[in-house]
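Asker: File start-v1.pdb follows (PDB, C-alpha atoms):
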ATOM      1  CA  MET A   1     107.760 111.235 126.226
ATOM      2  CA  ALA A   2     108.501 111.403 122.502
ATOM      3  CA  ILE A   3     111.272 109.426 120.846
ATOM      4  CA  ARG A   4     113.526 111.912 119.087
ATOM      5  CA  TRP A   5     114.507 110.774 115.609
ATOM      6  CA  GLY A   6     117.412 111.690 113.375
ATOM      7  CA  ILE A   7     117.183 110.903 109.658
ATOM      8  CA  CYS A   8     120.397 109.793 107.952
ATOM      9  CA  SER A   9     120.315 110.494 104.178
ATOM     10  CA  ALA A  10     117.827 112.722 102.386
ATOM     11  CA  GLY A  11     116.838 110.288  99.644
ATOM     12  CA  LYS A  12     113.583 108.731  98.517
ATOM     13  CA  ILE A  13     113.225 106.081 101.185
ATOM     14  CA  SER A  14     114.049 108.569 103.947
ATOM     15  CA  ASN A  15     111.304 110.802 102.578
ATOM     16  CA  ASP A  16     108.768 108.008 102.828
ATOM     17  CA  PHE A  17     109.872 106.948 106.302
ATOM     18  CA  THR A  18     109.558 110.510 107.563
ATOM     19  CA  VAL A  19     106.070 110.803 106.056
ATOM     20  CA  ALA A  20     105.164 107.496 107.718
ATOM     21  CA  LEU A  21     106.349 108.745 111.111
ATOM     22  CA  ARG A  22     104.020 111.728 110.746
ATOM     23  CA  THR A  23     101.053 109.355 110.844
ATOM     24  CA  LEU A  24     101.961 108.428 114.442
ATOM     25  CA  PRO A  25     101.046 110.471 117.531
ATOM     26  CA  ALA A  26     103.272 113.535 117.867
ATOM     27  CA  GLU A  27     103.565 112.921 121.598
ATOM     28  CA  ASN A  28     105.346 109.634 120.826
ATOM     29  CA  HIS A  29     107.580 110.607 117.904
ATOM     30  CA  GLN A  30     109.482 113.744 116.950
ATOM     31  CA  VAL A  31     111.844 114.133 113.980
ATOM     32  CA  LEU A  32     114.511 116.538 115.225
ATOM     33  CA  ALA A  33     117.207 116.426 112.560
ATOM     34  CA  VAL A  34     118.208 115.252 109.103
ATOM     35  CA  ALA A  35     121.699 114.808 107.684
ATOM     36  CA  ALA A  36     122.994 114.413 104.137
ATOM     37  CA  ARG A  37     126.403 114.627 102.507
ATOM     38  CA  ASP A  38     125.231 117.860 100.854
ATOM     39  CA  LEU A  39     123.949 120.465 103.318
ATOM     40  CA  LYS A  40     121.647 121.941 100.661
ATOM     41  CA  HIS A  41     119.884 118.618 100.245
ATOM     42  CA  ALA A  42     119.500 118.281 103.995
ATOM     43  CA  GLN A  43     118.088 121.806 104.239
ATOM     44  CA  GLU A  44     115.588 121.165 101.442
ATOM     45  CA  PHE A  45     114.509 117.930 103.137
ATOM     46  CA  ALA A  46     114.166 119.699 106.482
ATOM     47  CA  LEU A  47     112.054 122.455 104.947
ATOM     48  CA  LYS A  48     109.782 119.960 103.218
ATOM     49  CA  HIS A  49     109.193 117.936 106.391
ATOM     50  CA  SER A  50     109.303 120.772 108.958
ATOM     51  CA  ILE A  51     112.403 119.356 110.658
ATOM     52  CA  PRO A  52     114.153 121.907 112.890
ATOM     53  CA  ARG A  53     117.784 120.874 112.277
ATOM     54  CA  SER A  54     119.761 119.983 109.158
ATOM     55  CA  TYR A  55     123.354 118.817 108.922
ATOM     56  CA  GLY A  56     125.775 118.605 106.015
ATOM     57  CA  SER A  57     127.596 115.599 107.445
ATOM     58  CA  TYR A  58     126.601 112.398 109.187
ATOM     59  CA  GLU A  59     129.208 113.059 111.855
ATOM     60  CA  ASP A  60     127.324 116.191 112.921
ATOM     61  CA  LEU A  61     124.129 114.162 113.304
ATOM     62  CA  ALA A  62     125.998 111.619 115.419
ATOM     63  CA  LYS A  63     127.170 114.439 117.710
ATOM     64  CA  ASP A  64     123.662 115.802 118.310
ATOM     65  CA  PRO A  65     123.048 115.026 122.009
ATOM     66  CA  GLU A  66     119.258 115.140 121.713
ATOM     67  CA  ILE A  67     118.817 112.356 119.142
ATOM     68  CA  ASP A  68     117.569 109.060 120.596
ATOM     69  CA  VAL A  69     117.461 106.913 117.456
ATOM     70  CA  VAL A  70     118.746 107.301 113.898
ATOM     71  CA  TYR A  71     117.028 105.945 110.808
ATOM     72  CA  VAL A  72     119.711 104.985 108.263
ATOM     73  CA  GLY A  73     118.269 105.311 104.759
ATOM     74  CA  SER A  74     121.504 105.332 102.748
ATOM     75  CA  ILE A  75     122.434 102.830 100.025
ATOM     76  CA  HIS A  76     123.556  99.366 101.111
ATOM     77  CA  PRO A  77     127.366  99.718 101.029
ATOM     78  CA  HIS A  78     127.245 102.559 103.576
ATOM     79  CA  HIS A  79     125.195 100.743 106.191
ATOM     80  CA  LEU A  80     128.188  99.345 108.073
ATOM     81  CA  SER A  81     130.155 102.578 108.392
ATOM     82  CA  LEU A  82     127.113 104.685 109.250
ATOM     83  CA  GLY A  83     125.667 102.159 111.665
ATOM     84  CA  VAL A  84     128.957 101.969 113.560
ATOM     85  CA  LEU A  85     129.279 105.768 113.523
ATOM     86  CA  PHE A  86     125.920 106.282 115.196
ATOM     87  CA  MET A  87     126.188 103.381 117.627
ATOM     88  CA  ASN A  88     129.622 104.563 118.771
ATOM     89  CA  ALA A  89     127.862 107.848 119.529
ATOM     90  CA  LYS A  90     125.428 105.851 121.701
ATOM     91  CA  LYS A  91     122.571 106.282 119.257
ATOM     92  CA  ASN A  92     120.007 103.531 118.705
ATOM     93  CA  VAL A  93     119.781 102.553 115.040
ATOM     94  CA  LEU A  94     117.022 101.484 112.676
ATOM     95  CA  CYS A  95     118.881 100.549 109.487
ATOM     96  CA  GLU A  96     117.303  99.969 106.097
ATOM     97  CA  LYS A  97     117.541  96.542 104.575
ATOM     98  CA  PRO A  98     119.727  94.810 103.758
ATOM     99  CA  LEU A  99     121.452  95.426 107.064
ATOM    100  CA  ALA A 100     124.859  95.008 105.417
ATOM    101  CA  MET A 101     126.589  93.670 102.333
ATOM    102  CA  ASN A 102     127.682  90.344 103.808
ATOM    103  CA  LEU A 103     127.848  88.244 106.971
ATOM    104  CA  LYS A 104     131.132  89.770 108.120
ATOM    105  CA  GLU A 105     129.617  93.264 108.074
ATOM    106  CA  VAL A 106     126.485  92.095 109.873
ATOM    107  CA  ARG A 107     128.616  90.628 112.649
ATOM    108  CA  GLU A 108     130.511  93.915 112.952
ATOM    109  CA  LEU A 109     127.247  95.811 113.356
ATOM    110  CA  ILE A 110     125.950  93.400 115.985
ATOM    111  CA  SER A 111     129.246  93.608 117.842
ATOM    112  CA  SER A 112     129.043  97.407 117.817
ATOM    113  CA  ALA A 113     125.485  97.301 119.174
ATOM    114  CA  GLN A 114     126.570  94.966 121.974
ATOM    115  CA  ASP A 115     129.665  96.993 122.831
ATOM    116  CA  ASN A 116     127.688 100.234 122.958
ATOM    117  CA  ARG A 117     124.584  98.682 124.576
ATOM    118  CA  VAL A 118     122.200 100.190 122.046
ATOM    119  CA  PHE A 119     119.220  98.982 120.005
ATOM    120  CA  LEU A 120     119.920  97.851 116.431
ATOM    121  CA  MET A 121     117.263  96.634 114.005
ATOM    122  CA  GLU A 122     117.067  95.926 110.308
ATOM    123  CA  ALA A 123     114.089  97.763 108.838
ATOM    124  CA  VAL A 124     112.291  94.793 107.296
ATOM    125  CA  TRP A 125     109.011  96.681 107.270
ATOM    126  CA  THR A 126     106.951  93.757 105.984
ATOM    127  CA  ARG A 127     107.094  92.139 109.417
ATOM    128  CA  PHE A 128     105.182  94.971 111.059
ATOM    129  CA  PHE A 129     102.217  95.403 108.743
ATOM    130  CA  PRO A 130      98.839  94.555 110.297
ATOM    131  CA  ALA A 131      98.421  91.841 107.663
ATOM    132  CA  SER A 132     101.720  90.254 108.703
ATOM    133  CA  LEU A 133     100.712  90.367 112.353
ATOM    134  CA  GLU A 134      97.494  88.573 111.420
ATOM    135  CA  ILE A 135      99.500  85.889 109.627
ATOM    136  CA  SER A 136     101.570  85.374 112.773
ATOM    137  CA  ARG A 137      98.415  85.180 114.863
ATOM    138  CA  LEU A 138      96.805  82.585 112.606
ATOM    139  CA  LEU A 139      99.954  80.464 112.507
ATOM    140  CA  SER A 140     100.376  80.620 116.300
ATOM    141  CA  ARG A 141      96.889  79.109 116.585
ATOM    142  CA  ALA A 142      97.655  76.427 113.968
ATOM    143  CA  GLU A 143      94.706  77.623 111.864
ATOM    144  CA  LEU A 144      96.233  76.045 108.737
ATOM    145  CA  GLY A 145      97.032  72.748 110.378
ATOM    146  CA  GLU A 146     100.476  71.356 109.593
ATOM    147  CA  LEU A 147     102.431  73.689 107.334
ATOM    148  CA  LYS A 148     103.722  72.129 104.113
ATOM    149  CA  LEU A 149     104.783  74.826 101.628
ATOM    150  CA  VAL A 150     105.571  78.524 101.443
ATOM    151  CA  ARG A 151     105.996  80.367  98.154
ATOM    152  CA  ALA A 152     107.011  83.984  97.614
ATOM    153  CA  ASP A 153     107.752  85.944  94.439
ATOM    154  CA  PHE A 154     109.087  89.468  93.985
ATOM    155  CA  GLY A 155     110.061  90.816  90.596
ATOM    156  CA  VAL A 156     110.038  94.330  89.140
ATOM    157  CA  PRO A 157     112.008  95.845  86.217
ATOM    158  CA  LEU A 158     114.896  97.746  87.817
ATOM    159  CA  ALA A 159     117.566  97.617  85.104
ATOM    160  CA  HIS A 160     117.342 101.407  84.770
ATOM    161  CA  VAL A 161     118.213 101.961  88.446
ATOM    162  CA  PRO A 162     122.010 102.159  88.918
ATOM    163  CA  ARG A 163     122.039 100.977  92.522
ATOM    164  CA  SER A 164     120.112  97.835  91.485
ATOM    165  CA  VAL A 165     122.542  96.728  88.771
ATOM    166  CA  GLN A 166     125.951  97.997  89.890
ATOM    167  CA  ARG A 167     127.925  95.729  92.160
ATOM    168  CA  GLU A 168     129.727  98.526  93.983
ATOM    169  CA  LEU A 169     126.353 100.060  94.913
ATOM    170  CA  GLY A 170     125.021  96.836  96.396
ATOM    171  CA  GLY A 171     122.984  95.755  93.390
ATOM    172  CA  GLY A 172     121.452  92.423  92.515
ATOM    173  CA  ALA A 173     118.023  90.836  92.738
ATOM    174  CA  LEU A 174     118.635  88.848  95.918
ATOM    175  CA  LEU A 175     120.226  91.619  97.982
ATOM    176  CA  ASP A 176     117.791  94.308  96.868
ATOM    177  CA  ILE A 177     114.396  92.589  96.715
ATOM    178  CA  GLY A 178     114.893  88.841  97.208
ATOM    179  CA  ILE A 179     115.372  89.529 100.900
ATOM    180  CA  TYR A 180     111.612  90.111 101.147
ATOM    181  CA  CYS A 181     110.861  86.604  99.927
ATOM    182  CA  LEU A 182     113.359  84.968 102.257
ATOM    183  CA  GLN A 183     112.282  86.947 105.305
ATOM    184  CA  PHE A 184     108.658  85.970 104.596
ATOM    185  CA  VAL A 185     109.601  82.300 104.593
ATOM    186  CA  LEU A 186     111.542  82.674 107.838
ATOM    187  CA  MET A 187     108.652  84.559 109.410
ATOM    188  CA  VAL A 188     106.257  81.713 108.552
ATOM    189  CA  TYR A 189     108.669  79.031 109.772
ATOM    190  CA  ASP A 190     109.376  81.004 112.953
ATOM    191  CA  GLY A 191     113.027  81.724 112.221
ATOM    192  CA  GLU A 192     113.990  78.066 111.836
ATOM    193  CA  LYS A 193     117.208  77.398 109.938
ATOM    194  CA  PRO A 194     116.569  75.362 106.766
ATOM    195  CA  GLU A 195     118.106  71.932 106.415
ATOM    196  CA  THR A 196     119.080  72.527 102.795
ATOM    197  CA  VAL A 197     119.234  75.508 100.431
ATOM    198  CA  ARG A 198     119.450  75.126  96.658
ATOM    199  CA  ALA A 199     119.588  78.127  94.330
ATOM    200  CA  THR A 200     120.107  78.918  90.692
ATOM    201  CA  GLY A 201     120.104  82.174  88.796
ATOM    202  CA  VAL A 202     121.444  84.337  85.993
ATOM    203  CA  ARG A 203     123.818  87.292  86.160
ATOM    204  CA  LEU A 204     124.146  90.605  84.412
ATOM    205  CA  ASP A 205     127.376  91.743  82.770
ATOM    206  CA  THR A 206     127.961  93.907  85.847
ATOM    207  CA  GLY A 207     128.359  90.755  87.914
ATOM    208  CA  VAL A 208     125.166  90.991  89.968
ATOM    209  CA  ASP A 209     122.286  88.531  89.822
ATOM    210  CA  GLU A 210     119.447  89.513  87.497
ATOM    211  CA  ALA A 211     117.123  86.769  88.675
ATOM    212  CA  MET A 212     117.206  83.717  90.880
ATOM    213  CA  VAL A 213     115.121  80.878  92.275
ATOM    214  CA  VAL A 214     115.839  79.268  95.627
ATOM    215  CA  THR A 215     114.341  76.153  97.195
ATOM    216  CA  LEU A 216     114.602  75.602 100.935
ATOM    217  CA  LYS A 217     113.844  72.405 102.824
ATOM    218  CA  PHE A 218     112.919  72.591 106.508
ATOM    219  CA  SER A 219     112.419  69.942 109.167
ATOM    220  CA  GLY A 220     109.235  67.945 109.007
ATOM    221  CA  GLN A 221     109.280  67.694 105.196
ATOM    222  CA  ARG A 222     108.342  71.371 104.799
ATOM    223  CA  LEU A 223     109.399  73.324 101.716
ATOM    224  CA  ALA A 224     109.717  76.896 100.529
ATOM    225  CA  VAL A 225     110.270  78.325  97.050
ATOM    226  CA  CYS A 226     111.352  81.914  96.407
ATOM    227  CA  SER A 227     111.900  83.687  93.105
ATOM    228  CA  CYS A 228     113.091  87.223  92.476
ATOM    229  CA  SER A 229     113.983  89.298  89.432
ATOM    230  CA  ILE A 230     115.085  92.834  88.586
ATOM    231  CA  ALA A 231     114.405  92.181  84.894
ATOM    232  CA  ALA A 232     110.696  91.323  84.802
ATOM    233  CA  GLU A 233     107.422  91.768  86.652
ATOM    234  CA  LEU A 234     106.502  88.689  88.683
ATOM    235  CA  PRO A 235     103.136  87.964  90.366
ATOM    236  CA  ASN A 236     104.561  89.495  93.579
ATOM    237  CA  GLU A 237     102.385  87.265  95.728
ATOM    238  CA  ALA A 238     102.997  84.891  98.612
ATOM    239  CA  LEU A 239     101.252  81.661  99.553
ATOM    240  CA  ILE A 240     101.245  79.583 102.727
ATOM    241  CA  VAL A 241      99.838  76.060 102.424
ATOM    242  CA  GLY A 242      98.892  73.804 105.298
ATOM    243  CA  THR A 243      96.983  70.575 105.682
ATOM    244  CA  GLN A 244      93.841  72.475 106.738
ATOM    245  CA  GLY A 245      93.965  75.677 104.741
ATOM    246  CA  THR A 246      95.871  78.378 102.897
ATOM    247  CA  ILE A 247      96.814  82.010 103.266
ATOM    248  CA  LYS A 248      97.409  84.014 100.120
ATOM    249  CA  VAL A 249      99.086  87.420 100.225
ATOM    250  CA  PRO A 250      98.130  89.278  97.028
ATOM    251  CA  ALA A 251     100.466  91.746  95.360
ATOM    252  CA  HIS A 252     102.348  93.480  96.788
ATOM    253  CA  MET A 253     103.565  90.810  99.199
ATOM    254  CA  TRP A 254     106.358  92.968 100.651
ATOM    255  CA  CYS A 255     103.895  95.641 101.834
ATOM    256  CA  PRO A 256     100.595  93.726 102.217
ATOM    257  CA  THR A 257      97.234  95.373 102.743
ATOM    258  CA  ALA A 258      95.060  92.289 102.165
ATOM    259  CA  LEU A 259      94.938  88.569 102.965
ATOM    260  CA  LEU A 260      92.918  85.720 101.532
ATOM    261  CA  VAL A 261      92.453  83.052 104.198
ATOM    262  CA  ASN A 262      90.860  79.970 102.661
ATOM    263  CA  GLY A 263      89.536  82.224  99.915
ATOM    264  CA  GLN A 264      87.995  84.841 102.212
ATOM    265  CA  GLU A 265      89.543  88.271 101.725
ATOM    266  CA  THR A 266      90.208  90.800 104.478
ATOM    267  CA  GLN A 267      91.575  94.299 103.900
ATOM    268  CA  TYR A 268      94.115  96.018 106.164
ATOM    269  CA  PRO A 269      94.170  99.641 105.019
ATOM    270  CA  LEU A 270      97.006 102.025 105.833
ATOM    271  CA  PRO A 271      96.826 105.694 106.865
ATOM    272  CA  GLU A 272      96.838 108.265 104.082
ATOM    273  CA  PRO A 273     100.123 110.172 103.680
ATOM    274  CA  SER A 274     100.367 113.894 104.309
ATOM    275  CA  LEU A 275     102.921 114.282 101.495
ATOM    276  CA  PRO A 276     103.573 112.396  98.227
ATOM    277  CA  LEU A 277     105.345 109.048  98.533
ATOM    278  CA  ASN A 278     108.004 107.494  96.308
ATOM    279  CA  PHE A 279     107.039 103.874  96.923
ATOM    280  CA  ILE A 280     103.760 102.017  97.284
ATOM    281  CA  ASN A 281     102.219 101.630 100.760
ATOM    282  CA  SER A 282     105.106 103.465 102.425
ATOM    283  CA  THR A 283     103.012 104.662 105.333
ATOM    284  CA  GLY A 284     103.293 101.049 106.474
ATOM    285  CA  MET A 285     106.793 101.955 107.687
ATOM    286  CA  ARG A 286     105.075 103.684 110.597
ATOM    287  CA  SER A 287     104.981 100.352 112.382
ATOM    288  CA  GLU A 288     108.782 100.279 112.554
ATOM    289  CA  GLY A 289     108.510 103.530 114.459
ATOM    290  CA  GLU A 290     105.844 102.036 116.700
ATOM    291  CA  LEU A 291     108.197  99.148 117.454
ATOM    292  CA  ALA A 292     110.908 101.603 118.477
ATOM    293  CA  HIS A 293     108.414 103.175 120.856
ATOM    294  CA  VAL A 294     107.278  99.885 122.396
ATOM    295  CA  SER A 295     110.922  98.797 122.638
ATOM    296  CA  ARG A 296     111.408 101.162 125.543
ATOM    297  CA  GLY A 297     110.684  97.933 127.447
ATOM    298  CA  LEU A 298     112.984  95.744 125.371
ATOM    299  CA  GLY A 299     115.623  95.325 128.065
ATOM    300  CA  SER A 300     113.047  94.213 130.616
ATOM    301  CA  ALA A 301     111.334  91.853 128.170
ATOM    302  CA  ARG A 302     114.654  90.167 127.337
ATOM    303  CA  GLY A 303     115.655  89.927 130.979
ATOM    304  CA  ASP A 304     118.466  92.494 130.519
ATOM    305  CA  HIS A 305     117.908  95.221 133.089
ATOM    306  CA  GLY A 306     121.397  96.592 132.630
ATOM    307  CA  ARG A 307     120.842  98.264 129.323
ATOM    308  CA  GLY A 308     121.146 102.014 129.697
ATOM    309  CA  PRO A 309     119.216 104.827 128.055
ATOM    310  CA  SER A 310     120.333 106.527 124.876
ATOM    311  CA  ALA A 311     122.714 109.469 124.838
ATOM    312  CA  GLY A 312     120.022 112.025 125.497
ATOM    313  CA  GLY A 313     118.832 110.259 128.608
ATOM    314  CA  ARG A 314     115.465 109.450 127.029
ATOM    315  CA  GLY A 315     114.147 107.107 124.362
ATOM    316  CA  LEU A 316     114.672 103.352 124.258
ATOM    317  CA  GLN A 317     114.877 102.537 127.947
ATOM    318  CA  PRO A 318     114.268  99.274 129.826
ATOM    319  CA  GLY A 319     111.554  98.763 132.345
ATOM    320  CA  GLN A 320     108.263  99.182 130.509
ATOM    321  CA  PRO A 321     106.466  95.833 130.124
ATOM    322  CA  MET A 322     105.503  94.560 126.676
ATOM    323  CA  SER A 323     102.404  92.632 125.723
ATOM    324  CA  PHE A 324     102.762  88.958 124.816
ATOM    325  CA  SER A 325     101.828  89.657 121.196
ATOM    326  CA  ALA A 326     104.432  92.405 120.887
ATOM    327  CA  ARG A 327     107.081  90.256 122.540
ATOM    328  CA  ARG A 328     106.328  87.249 120.359
ATOM    329  CA  HIS A 329     106.510  89.335 117.231
ATOM    330  CA  LEU A 330     109.825  90.813 118.305
ATOM    331  CA  TYR A 331     111.426  87.507 119.103
ATOM    332  CA  SER A 332     110.147  85.686 116.039
ATOM    333  CA  SER A 333     111.465  88.443 113.783
ATOM    334  CA  ALA A 334     114.826  87.914 112.159
ATOM    335  CA  ALA A 335     114.819  91.680 111.688
ATOM    336  CA  LEU A 336     115.595  92.287 115.354
ATOM    337  CA  LEU A 337     119.291  91.942 116.012
ATOM    338  CA  TYR A 338     120.016  93.534 119.370
TER     339      TYR A 338
END
Have the structure of the file written as structure tokens, please.
Answerer:
Amino acid sequence: MAIRWGICSAGKISNDFTVALRTLPAENHQVLAVAARDLKHAQEFALKHSIPRSYGSYEDLAKDPEIDVVYVGSIHPHHLSLGVLFMNAKKNVLCEKPLAMNLKEVRELISSAQDNRVFLMEAVWTRFFPASLEISRLLSRAELGELKLVRADFGVPLAHVPRSVQRELGGGALLDIGIYCLQFVLMVYDGEKPETVRATGVRLDTGVDEAMVVTLKFSGQRLAVCSCSIAAELPNEALIVGTQGTIKVPAHMWCPTALLVNGQETQYPLPEPSLPLNFINSTGMRSEGELAHVSRGLGSARGDHGRGPSAGGRGLQPGQPMSFSARRHLYSSAALLY
């Protein structure tokens, strides 16, 4: 039975996510509705993507009884209010990164998910690319020996993008793109909390960080170095170094389609889009949708058989078993919150 999606916000990233969903089997995924603050924008989006319903308010989307899960593609400062809106309506939520503006807001979202007994996940799409799954597989088998160092860089010129440089819109290098470097490190080190974190950076006149470098020290004398910038193009690569080998993720490390393992390259191609995309490799977001589908068994896999179905009586329900690989990837992912 298909998961019935609602799309919150008719912007660029929502366009790409909807295109990515179309690469999945129609019997598993159906986009039923889209909402925007301007009804005209929602209607144009619906026409472009052949979506049957369009709403001129997010509240109307929350009231739709047939929506199982909502993809929140709004700008960062709205994630808290919209996430709570949909979860209070008993909708499961896949929210774009960063999940919220600060720790306090993240805790509010998690609390709402727990109170409403719904699924909440931060859409850190990097985790679900085939290349990322291969990294996890190699590390689980200790193919690199003892891990020693992880490095990740992400820098692109974004000074012309208001939401990237204005504080009230959630701007700044770390919050906008640095998250990809940090999540990569945490993925490699299996979610372990670092022993120390040291960071330095420079700020724009608007008060947000233009660039920063952070060094993290983990147990066992393991290190990680991340750098991010919204002022300049960086190599946009990642590197994992162990005592018996290396894994290099070529550009673009946040949406990888290739790996070099001890110098040997393997390609992981993505499906071709049916419509133009705004961002590179966006069909890779399809795997977030696949996770939502496999998470019908999330309650059973976590030992929580009490979690109920979504408002429509279908969708993300407990009881369907998950494979070990799917379960391991879920639990090792800092993206999964509830």
Asker: I'd like the interatomic distance between CA of Glu146 (chain A) and CA of Leu259 (chain A), to a tenth of an Å.
Answerer: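 Between CA of Glu146 (chain A) and CA of Leu259 (chain A) the gap works out to 19.3 Å.
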Asker: With all atoms listed in the file as the counted atoms, please give the residues lying no more than 7 Å from region 76-89 of chain A, apart from itself and same-chain residues fewer than 4 positions off, as a PyMOL selection string.
Answerer: chain A and resi 62-63+93+98-101+105+109+112-113+116+118+169-170
Asker: Could you dump the residues just selected with C-alpha atoms as a PDB file, in the coordinates of the input?
Answerer:
ATOM      1  CA  ALA A  62     125.998 111.619 115.419  1.00  0.00           C
ATOM      2  CA  LYS A  63     127.170 114.439 117.710  1.00  0.00           C
ATOM      3  CA  VAL A  93     119.781 102.553 115.040  1.00  0.00           C
ATOM      4  CA  PRO A  98     119.727  94.810 103.758  1.00  0.00           C
ATOM      5  CA  LEU A  99     121.452  95.426 107.064  1.00  0.00           C
ATOM      6  CA  ALA A 100     124.859  95.008 105.417  1.00  0.00           C
ATOM      7  CA  MET A 101     126.589  93.670 102.333  1.00  0.00           C
ATOM      8  CA  GLU A 105     129.617  93.264 108.074  1.00  0.00           C
ATOM      9  CA  LEU A 109     127.247  95.811 113.356  1.00  0.00           C
ATOM     10  CA  SER A 112     129.043  97.407 117.817  1.00  0.00           C
ATOM     11  CA  ALA A 113     125.485  97.301 119.174  1.00  0.00           C
ATOM     12  CA  ASN A 116     127.688 100.234 122.958  1.00  0.00           C
ATOM     13  CA  VAL A 118     122.200 100.190 122.046  1.00  0.00           C
ATOM     14  CA  LEU A 169     126.353 100.060  94.913  1.00  0.00           C
ATOM     15  CA  GLY A 170     125.021  96.836  96.396  1.00  0.00           C
TER      16      GLY A 170
END
Asker: Identify which of the residues A:Glu290, A:Glu134, A:Asp153, A:Asp209 lies closest to Gln183 (chain A), counting all atoms listed in the file when measuring atom-to-atom distances.
Answerer: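 Under the stated criterion, the closest residue is A:Asp153.
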Asker: Expand the PyMOL selection byres ((chain A and resi 32) around 9) into the individual residues it matches in the shown file, reporting them as a PDB file with C-alpha atoms, keeping the file's coordinate frame.
Answerer:
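To be explicit, this is the file written out as expr_2.pdb:
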ATOM      1  CA  ARG A   4     113.526 111.912 119.087  1.00  0.00           C
ATOM      2  CA  TRP A   5     114.507 110.774 115.609  1.00  0.00           C
ATOM      3  CA  GLY A   6     117.412 111.690 113.375  1.00  0.00           C
ATOM      4  CA  ILE A   7     117.183 110.903 109.658  1.00  0.00           C
ATOM      5  CA  GLN A  30     109.482 113.744 116.950  1.00  0.00           C
ATOM      6  CA  VAL A  31     111.844 114.133 113.980  1.00  0.00           C
ATOM      7  CA  ALA A  33     117.207 116.426 112.560  1.00  0.00           C
ATOM      8  CA  VAL A  34     118.208 115.252 109.103  1.00  0.00           C
ATOM      9  CA  ILE A  51     112.403 119.356 110.658  1.00  0.00           C
ATOM     10  CA  PRO A  52     114.153 121.907 112.890  1.00  0.00           C
ATOM     11  CA  ARG A  53     117.784 120.874 112.277  1.00  0.00           C
ATOM     12  CA  SER A  54     119.761 119.983 109.158  1.00  0.00           C
ATOM     13  CA  GLU A  66     119.258 115.140 121.713  1.00  0.00           C
ATOM     14  CA  ILE A  67     118.817 112.356 119.142  1.00  0.00           C
TER      15      ILE A  67
END
Asker: Just the number, please: distance in Å from CA of Glu195 (chain A) to CA of Leu147 (chain A), one decimal.
Answerer: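 About the pair CA of Glu195 (chain A) and CA of Leu147 (chain A): they are 15.8 Å apart.
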Asker: Which of these residues is nearest to Leu120 (chain A), using only C-alpha atoms: A:His160, A:Ala232, A:Leu103, A:Asn92?
Answerer: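 Of A:His160, A:Ala232, A:Leu103, A:Asn92, the one nearest Leu120 (chain A), counting only C-alpha atoms, is A:Asn92.
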